[in-house]
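The block underneath contains the structure these notes are about, expressed in structure tokens.
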Amino acid sequence: MHMENQGIAVATARDITFTCTHCKSPLVVDAAAAGLILDCQRCGKPTPVPMAKTKVAAESDSKTADIQRRLKENESQRTEVTGYINQLSIQLHRWQLRLQTLNERKKELEEELRKTS
Ligand SMILES: [Zn+2]
């Protein structure tokens, strides 16, 4: 079986992508050729086509991609919330300093009041 008519440019979902065991050329064949030994388009030597991904493996890939997407979304939300917490921590610190200044001023004024009366 030869692969002269197999294009290597476009891979569809049903295609298998693999490399020649001799020259390492990237090769693409239809899933129907899974498990067969084909002649490499580049070097012409016989090279085995790996078995196509099973439906379970494909579903597992899709599930993995979904979990990775949710993980990424989670990460971006965590970054957002962490940013809010940092901002508010700075704001809280400012108010605490302001209160401390006001408390000191209060003491000074009360002291002045005691002296004048
Ligand atoms: Zn080859």
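Ligands are numbered from 1 in the order shown, residues from 1 within each chain, and chains are lettered A, B, ... in the order they appear in the structure tokens.
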Return as a ChimeraX atom specification the residues of protein, DNA or RNA that approach ligand 1 to within 9 Å, with only C-alpha atoms and all ligand atoms taken into account.
/A:19-27,39-47
Restricting it to all heavy atoms, dump the selection as a compact mmCIF listing (two decimals), in the first residue's frame.
```
# COMPACT_ATOMS: atom_id res chain seq x y z
N THR A 19 4.98 10.14 12.78
CA THR A 19 6.25 10.41 12.11
C THR A 19 6.85 9.10 11.61
O THR A 19 6.70 8.04 12.23
CB THR A 19 7.27 11.09 13.06
OG1 THR A 19 7.41 10.28 14.22
CG2 THR A 19 6.80 12.47 13.45
N CYS A 20 7.55 9.20 10.49
CA CYS A 20 8.23 8.04 9.90
C CYS A 20 9.30 7.56 10.87
O CYS A 20 10.03 8.36 11.44
CB CYS A 20 8.87 8.46 8.57
SG CYS A 20 9.96 7.18 7.89
N THR A 21 9.36 6.24 11.10
CA THR A 21 10.35 5.71 12.05
C THR A 21 11.77 5.80 11.50
O THR A 21 12.72 5.66 12.24
CB THR A 21 10.04 4.23 12.39
OG1 THR A 21 9.94 3.49 11.17
CG2 THR A 21 8.74 4.11 13.16
N HIS A 22 11.91 6.03 10.18
CA HIS A 22 13.24 6.10 9.57
C HIS A 22 13.73 7.53 9.45
O HIS A 22 14.79 7.87 9.96
CB HIS A 22 13.22 5.44 8.19
CG HIS A 22 12.73 4.02 8.23
ND1 HIS A 22 13.50 2.97 8.67
CD2 HIS A 22 11.51 3.49 7.92
CE1 HIS A 22 12.80 1.84 8.63
NE2 HIS A 22 11.59 2.13 8.18
N CYS A 23 12.95 8.39 8.76
CA CYS A 23 13.42 9.75 8.48
C CYS A 23 12.75 10.82 9.34
O CYS A 23 13.08 11.99 9.24
CB CYS A 23 13.23 10.08 7.00
SG CYS A 23 11.50 10.24 6.52
N LYS A 24 11.84 10.39 10.21
CA LYS A 24 11.13 11.30 11.13
C LYS A 24 10.26 12.35 10.42
O LYS A 24 9.90 13.36 11.02
CB LYS A 24 12.12 12.03 12.06
CG LYS A 24 13.06 11.12 12.82
CD LYS A 24 12.32 10.21 13.78
CE LYS A 24 13.27 9.20 14.45
NZ LYS A 24 12.57 8.05 15.01
N SER A 25 9.94 12.12 9.16
CA SER A 25 9.06 13.05 8.45
C SER A 25 7.66 13.00 9.06
O SER A 25 7.18 11.92 9.38
CB SER A 25 8.94 12.66 6.97
OG SER A 25 10.14 12.92 6.32
N PRO A 26 7.02 14.15 9.22
CA PRO A 26 5.63 14.13 9.71
C PRO A 26 4.71 13.59 8.61
O PRO A 26 4.78 14.03 7.46
CB PRO A 26 5.35 15.60 10.01
CG PRO A 26 6.31 16.37 9.18
CD PRO A 26 7.52 15.50 8.98
N LEU A 27 3.88 12.63 8.94
CA LEU A 27 3.00 12.01 7.97
C LEU A 27 1.56 12.04 8.47
O LEU A 27 1.32 11.97 9.68
CB LEU A 27 3.42 10.56 7.72
CG LEU A 27 4.86 10.33 7.25
CD1 LEU A 27 5.21 8.85 7.32
CD2 LEU A 27 5.05 10.87 5.84
N ASP A 39 4.51 2.76 3.07
CA ASP A 39 5.79 3.30 2.62
C ASP A 39 5.80 4.80 2.85
O ASP A 39 4.86 5.51 2.47
CB ASP A 39 5.99 3.01 1.12
CG ASP A 39 6.19 1.51 0.87
OD1 ASP A 39 6.53 0.79 1.84
OD2 ASP A 39 5.99 1.07 -0.28
N CYS A 40 6.86 5.29 3.48
CA CYS A 40 7.00 6.72 3.78
C CYS A 40 7.03 7.53 2.48
O CYS A 40 7.65 7.13 1.49
CB CYS A 40 8.28 6.96 4.56
SG CYS A 40 8.70 8.68 4.79
N GLN A 41 6.33 8.67 2.48
CA GLN A 41 6.30 9.54 1.30
C GLN A 41 7.67 10.16 1.03
O GLN A 41 8.01 10.46 -0.10
CB GLN A 41 5.30 10.68 1.53
CG GLN A 41 3.86 10.24 1.52
CD GLN A 41 2.94 11.37 1.94
OE1 GLN A 41 2.93 11.75 3.09
NE2 GLN A 41 2.20 11.91 0.99
N ARG A 42 8.43 10.37 2.09
CA ARG A 42 9.72 11.03 1.96
C ARG A 42 10.83 10.05 1.58
O ARG A 42 11.48 10.20 0.56
CB ARG A 42 10.06 11.74 3.29
CG ARG A 42 11.33 12.57 3.25
CD ARG A 42 11.18 13.86 2.47
NE ARG A 42 10.10 14.68 2.96
CZ ARG A 42 10.20 15.55 3.97
NH1 ARG A 42 11.33 15.69 4.60
NH2 ARG A 42 9.18 16.27 4.33
N CYS A 43 11.02 9.02 2.43
CA CYS A 43 12.17 8.13 2.21
C CYS A 43 11.79 6.81 1.54
O CYS A 43 12.68 6.05 1.14
CB CYS A 43 12.88 7.87 3.54
SG CYS A 43 11.92 6.87 4.70
N GLY A 44 10.49 6.54 1.45
CA GLY A 44 10.06 5.34 0.75
C GLY A 44 10.17 4.05 1.55
O GLY A 44 9.77 2.99 1.08
N LYS A 45 10.67 4.13 2.77
CA LYS A 45 10.80 2.92 3.59
C LYS A 45 9.48 2.61 4.29
O LYS A 45 8.72 3.53 4.61
CB LYS A 45 11.92 3.10 4.62
CG LYS A 45 13.31 3.15 4.01
CD LYS A 45 14.36 3.41 5.08
CE LYS A 45 15.74 3.51 4.44
NZ LYS A 45 16.73 4.08 5.37
N PRO A 46 9.24 1.31 4.55
CA PRO A 46 7.99 0.96 5.24
C PRO A 46 8.00 1.44 6.69
O PRO A 46 8.99 1.24 7.41
CB PRO A 46 7.95 -0.56 5.17
CG PRO A 46 9.36 -0.98 4.96
CD PRO A 46 10.03 0.13 4.21
N THR A 47 6.93 2.08 7.09
CA THR A 47 6.84 2.59 8.46
C THR A 47 5.46 2.28 9.03
O THR A 47 4.45 2.38 8.31
CB THR A 47 7.15 4.10 8.50
OG1 THR A 47 7.20 4.54 9.85
CG2 THR A 47 6.12 4.92 7.75
```
Using the chain letters and numbers from this document, which residues of range 4-109 of chain A does DSSP assign to strand (DSSP E or B), as a list in words?
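For range 4-109 of chain A, the strand (DSSP E or B) set is Asp15, Ile16, Thr17, Phe18, Thr19, Pro26, Leu27, Val28, Val29, Asp30, Ile37, Leu38, Asp39, Pro46, Thr47 and Pro48 of chain A.
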All alpha helix (DSSP H) residues (DSSP, backbone) inside range 38-99 of chain A, as a PyMOL selection string
chain A and resi 55-99
Atom pair CA of Thr17 in chain A + CA of Pro48 in chain A, distance 11.8 Å
With only C-alpha atoms as the basis for distance, which of A:Leu36, A:Asn86, A:Ile67, A:Lys53 is at the shortest distance from Asp15 in chain A?
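Of the candidates, the smallest distance to Asp15 in chain A is held by A:Lys53.
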